[in-house]
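S.K.: Below are the structure tokens for one structure; questions will follow.
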Amino acid sequence: MNISEILTEWYEIHKRNLPWRGIENPYFIWISEIILQQTRVSQGWNYYEKFISRFPDISALANASEDEVLLLWQGLGYYSRARNLHHTAKHILKYFNGIFPNRYETLIKLKGIGEYTAAAILSFAFKKPFPVVDGNVNRVISRFFGVTEPVDLPDVRKKIYILAKNILNEKKPDIHNQAIMEFGALQCVPQNPDCANCPLQSGCVAFSKNCVEKIPAKKPKKEVENRYFHYFFVKQNEKTFIRKRQESDIWRNLYEFPLLETEKNLSETEIFDSQEFKKLFPDFSKFTILNISQIIEHQLTHQKIFTRFYEISLSQNFANSYFFENFKNIDFAEISDFAVPKLIENYLKN
DNA sequence: GAATCGTGGCA
DNA sequence: TTGCCAAGATT
């Protein structure tokens, strides 16, 4: 048996039963692939169910507002995926009459669809012979063929793509692709793989050279940057204030409370004394501190955010024009209608 | 082409 | 506690 046959045989025995498994509708395939980018199955599962339930077809998604799409995406992370998903749904409806493209050259131009996702849609939905190379495939191939260079280097990626293409079963690209990905996810796992019971053991270069744990190699990682946030949960009557993040930064197009960001981790006193604070709240007499939280640490891939939440109450006659021009004034109960970062969602729970 | 974009689970 | 990294794409 060749490697594809071994993987397929293994797959038929060990495959998980997943909501998108066996689906051929390219729209559903697309939704599942975007949700699962850099995301574990267990984390994406419920989001997939929510999405296809609320947006059963491409026009339902295209006709929704971006805010609603982001709200459904809230908590899943990498929010550009949701923005691109929505943008591309509108594009397909407008320019392709709602018909999902089935050519690589067309798919690859759509926002949010890269080489992997295009190949996944083409093979799963249209049975076309394109090899998928995701993190799982990367690991299986680099170990089996003994690729010791860092797999995140462009030249090494090309090399692995060619290897993936060479072993592809062109007659059953859908089964082959799902088999090799599932194999990476369940058998050829990153840490402590069970090589003693692996059907690819005899041909695996990494196993024969006893370097399975060293492959796939990765480039050294950049140090994470520390950031210091000070959020103001402002209460005035039964209302509060939020704004939409529109900068090219984390959490783009999500909502948040009035925010001061500082270079260092300033104390409460230092915040209250700062010019930036006085710009937000010029009249301290109309201002009551209800609660100040501990410093909450929120870890992102390249950043660690240290945040303190200030719960404050404004008297009725506080009417700073700056505030009302820059923030949306909403009822407390309305907060759940807006997509917010997990950091704020967690705070609001308590 | 390197840097950037979230969150959660696990060892 | 910390690091790893997961059905990657964009700029």
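Residue numbering restarts at 1 in every chain; chains get A, B, ... in the order shown in the structure tokens, and ligands count up from 1 in that same order.
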Could you work out which residues of chain C fall inside 10 Å of chain A? Count only C-alpha atoms (C1' of nucleotides), and format the result as a ChimeraX atom specification.

M.R.: /C:4-10

S.K.: Would you mind listing what lies within 12 Å of B:DA3 as a PDB file with all heavy atoms, in the first residue's frame, with only C-alpha atoms (C1' of nucleotides) counted and same-chain residues fewer than 3 positions away left out?

M.R.:
```pdb
ATOM      1  N   LYS A 221      10.497  32.418  18.100  1.00  0.00           N
ATOM      2  CA  LYS A 221       9.384  33.352  18.183  1.00  0.00           C
ATOM      3  C   LYS A 221       9.781  34.705  18.744  1.00  0.00           C
ATOM      4  O   LYS A 221      10.690  34.791  19.561  1.00  0.00           O
ATOM      5  CB  LYS A 221       8.278  32.748  19.043  1.00  0.00           C
ATOM      6  CG  LYS A 221       7.619  31.644  18.300  1.00  0.00           C
ATOM      7  CD  LYS A 221       6.495  31.004  19.033  1.00  0.00           C
ATOM      8  CE  LYS A 221       5.884  29.948  18.122  1.00  0.00           C
ATOM      9  NZ  LYS A 221       5.122  28.969  18.852  1.00  0.00           N
ATOM     10  N   LYS A 222       9.074  35.725  18.265  1.00  0.00           N
ATOM     11  CA  LYS A 222       9.313  37.071  18.754  1.00  0.00           C
ATOM     12  C   LYS A 222       8.739  37.202  20.157  1.00  0.00           C
ATOM     13  O   LYS A 222       7.751  36.571  20.488  1.00  0.00           O
ATOM     14  CB  LYS A 222       8.661  38.093  17.828  1.00  0.00           C
ATOM     15  CG  LYS A 222       9.521  39.314  17.556  1.00  0.00           C
ATOM     16  CD  LYS A 222       8.726  40.402  16.841  1.00  0.00           C
ATOM     17  CE  LYS A 222       8.172  41.398  17.854  1.00  0.00           C
ATOM     18  NZ  LYS A 222       7.418  42.490  17.248  1.00  0.00           N
ATOM     19  N   GLU A 223       9.403  38.040  20.915  1.00  0.00           N
ATOM     20  CA  GLU A 223       8.938  38.301  22.272  1.00  0.00           C
ATOM     21  C   GLU A 223       7.569  38.979  22.262  1.00  0.00           C
ATOM     22  O   GLU A 223       7.301  39.787  21.373  1.00  0.00           O
ATOM     23  CB  GLU A 223       9.945  39.249  22.914  1.00  0.00           C
ATOM     24  CG  GLU A 223      10.344  38.884  24.296  1.00  0.00           C
ATOM     25  CD  GLU A 223      11.397  39.817  24.851  1.00  0.00           C
ATOM     26  OE1 GLU A 223      12.456  39.989  24.216  1.00  0.00           O
ATOM     27  OE2 GLU A 223      11.126  40.360  25.915  1.00  0.00           O
ATOM     28  N   VAL A 224       6.719  38.680  23.241  1.00  0.00           N
ATOM     29  CA  VAL A 224       5.418  39.345  23.283  1.00  0.00           C
ATOM     30  C   VAL A 224       5.571  40.740  23.893  1.00  0.00           C
ATOM     31  O   VAL A 224       6.405  40.979  24.764  1.00  0.00           O
ATOM     32  CB  VAL A 224       4.378  38.538  24.093  1.00  0.00           C
ATOM     33  CG1 VAL A 224       4.245  37.119  23.553  1.00  0.00           C
ATOM     34  CG2 VAL A 224       4.715  38.541  25.563  1.00  0.00           C
ATOM     35  N   THR A 301      -1.519  36.236  21.121  1.00  0.00           N
ATOM     36  CA  THR A 301      -0.351  35.571  20.540  1.00  0.00           C
ATOM     37  C   THR A 301       0.905  36.434  20.655  1.00  0.00           C
ATOM     38  O   THR A 301       1.961  35.944  21.049  1.00  0.00           O
ATOM     39  CB  THR A 301      -0.603  35.234  19.055  1.00  0.00           C
ATOM     40  OG1 THR A 301      -1.801  34.459  18.974  1.00  0.00           O
ATOM     41  CG2 THR A 301       0.549  34.438  18.486  1.00  0.00           C
ATOM     42  N   HIS A 302       0.795  37.716  20.310  1.00  0.00           N
ATOM     43  CA  HIS A 302       1.986  38.567  20.297  1.00  0.00           C
ATOM     44  C   HIS A 302       1.925  39.689  21.322  1.00  0.00           C
ATOM     45  O   HIS A 302       2.759  40.587  21.311  1.00  0.00           O
ATOM     46  CB  HIS A 302       2.189  39.170  18.909  1.00  0.00           C
ATOM     47  CG  HIS A 302       2.385  38.148  17.838  1.00  0.00           C
ATOM     48  ND1 HIS A 302       3.530  37.410  17.723  1.00  0.00           N
ATOM     49  CD2 HIS A 302       1.559  37.703  16.864  1.00  0.00           C
ATOM     50  CE1 HIS A 302       3.419  36.576  16.704  1.00  0.00           C
ATOM     51  NE2 HIS A 302       2.217  36.729  16.173  1.00  0.00           N
TER      52      HIS A 302
ATOM     53  P    DT C  10      -6.526  36.403   2.494  1.00  0.00           P
ATOM     54  OP1  DT C  10      -7.812  36.911   2.026  1.00  0.00           O
ATOM     55  OP2  DT C  10      -5.567  35.812   1.548  1.00  0.00           O
ATOM     56  O5'  DT C  10      -5.772  37.579   3.273  1.00  0.00           O
ATOM     57  C5'  DT C  10      -6.387  38.120   4.434  1.00  0.00           C
ATOM     58  C4'  DT C  10      -5.543  39.241   4.992  1.00  0.00           C
ATOM     59  O4'  DT C  10      -4.357  38.718   5.604  1.00  0.00           O
ATOM     60  C3'  DT C  10      -5.084  40.266   3.947  1.00  0.00           C
ATOM     61  O3'  DT C  10      -5.360  41.551   4.454  1.00  0.00           O
ATOM     62  C2'  DT C  10      -3.589  40.011   3.816  1.00  0.00           C
ATOM     63  C1'  DT C  10      -3.242  39.484   5.202  1.00  0.00           C
ATOM     64  N1   DT C  10      -2.070  38.580   5.291  1.00  0.00           N
ATOM     65  C2   DT C  10      -1.110  38.823   6.259  1.00  0.00           C
ATOM     66  O2   DT C  10      -1.171  39.757   7.028  1.00  0.00           O
ATOM     67  N3   DT C  10      -0.097  37.913   6.290  1.00  0.00           N
ATOM     68  C4   DT C  10       0.076  36.812   5.480  1.00  0.00           C
ATOM     69  O4   DT C  10       1.038  36.072   5.616  1.00  0.00           O
ATOM     70  C5   DT C  10      -0.951  36.620   4.490  1.00  0.00           C
ATOM     71  C7   DT C  10      -0.866  35.464   3.557  1.00  0.00           C
ATOM     72  C6   DT C  10      -1.967  37.503   4.439  1.00  0.00           C
ATOM     73  P    DT C  11      -5.276  42.828   3.544  1.00  0.00           P
ATOM     74  OP1  DT C  11      -6.364  43.694   3.983  1.00  0.00           O
ATOM     75  OP2  DT C  11      -5.142  42.427   2.129  1.00  0.00           O
ATOM     76  O5'  DT C  11      -3.886  43.504   3.976  1.00  0.00           O
ATOM     77  C5'  DT C  11      -3.676  43.824   5.344  1.00  0.00           C
ATOM     78  C4'  DT C  11      -2.255  44.324   5.526  1.00  0.00           C
ATOM     79  O4'  DT C  11      -1.365  43.192   5.636  1.00  0.00           O
ATOM     80  C3'  DT C  11      -1.739  45.171   4.365  1.00  0.00           C
ATOM     81  O3'  DT C  11      -1.055  46.311   4.859  1.00  0.00           O
ATOM     82  C2'  DT C  11      -0.763  44.264   3.639  1.00  0.00           C
ATOM     83  C1'  DT C  11      -0.247  43.421   4.806  1.00  0.00           C
ATOM     84  N1   DT C  11       0.287  42.107   4.399  1.00  0.00           N
ATOM     85  C2   DT C  11       1.307  41.544   5.145  1.00  0.00           C
ATOM     86  O2   DT C  11       1.776  42.082   6.112  1.00  0.00           O
ATOM     87  N3   DT C  11       1.734  40.340   4.688  1.00  0.00           N
ATOM     88  C4   DT C  11       1.267  39.633   3.590  1.00  0.00           C
ATOM     89  O4   DT C  11       1.744  38.557   3.296  1.00  0.00           O
ATOM     90  C5   DT C  11       0.204  40.265   2.865  1.00  0.00           C
ATOM     91  C7   DT C  11      -0.372  39.604   1.654  1.00  0.00           C
ATOM     92  C6   DT C  11      -0.237  41.464   3.294  1.00  0.00           C
TER      93       DT C  11
END
```

S.K.: Specify as a ChimeraX atom specification all residues of chain B found within 8 Å of chain A, counting only C-alpha atoms (C1' of nucleotides).

M.R.: /B:4-8

S.K.: Enumerate the residues of stretch 130-293 of chain A with a DSSP assignment of alpha helix (DSSP H), computed from the backbone, and present them as a VMD selection string.

M.R.: chain A and resid 135 to 144 154 to 167 173 to 186 205 to 208 268 to 273 275 to 280

S.K.: Which residue out of A:Asp152, A:Val340, A:Ser267, A:Phe332 has the minimum interatomic distance to B:DG1 when only C-alpha atoms (C1' of nucleotides) are used?

M.R.: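 With only C-alpha atoms (C1' of nucleotides) as the atom set, the closest residue is A:Asp152.
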
S.K.: Find the distance between atom CA of A:Ala125 and atom CA of A:Ile162 and write it in Å to one decimal.

M.R.: 22.3 Å
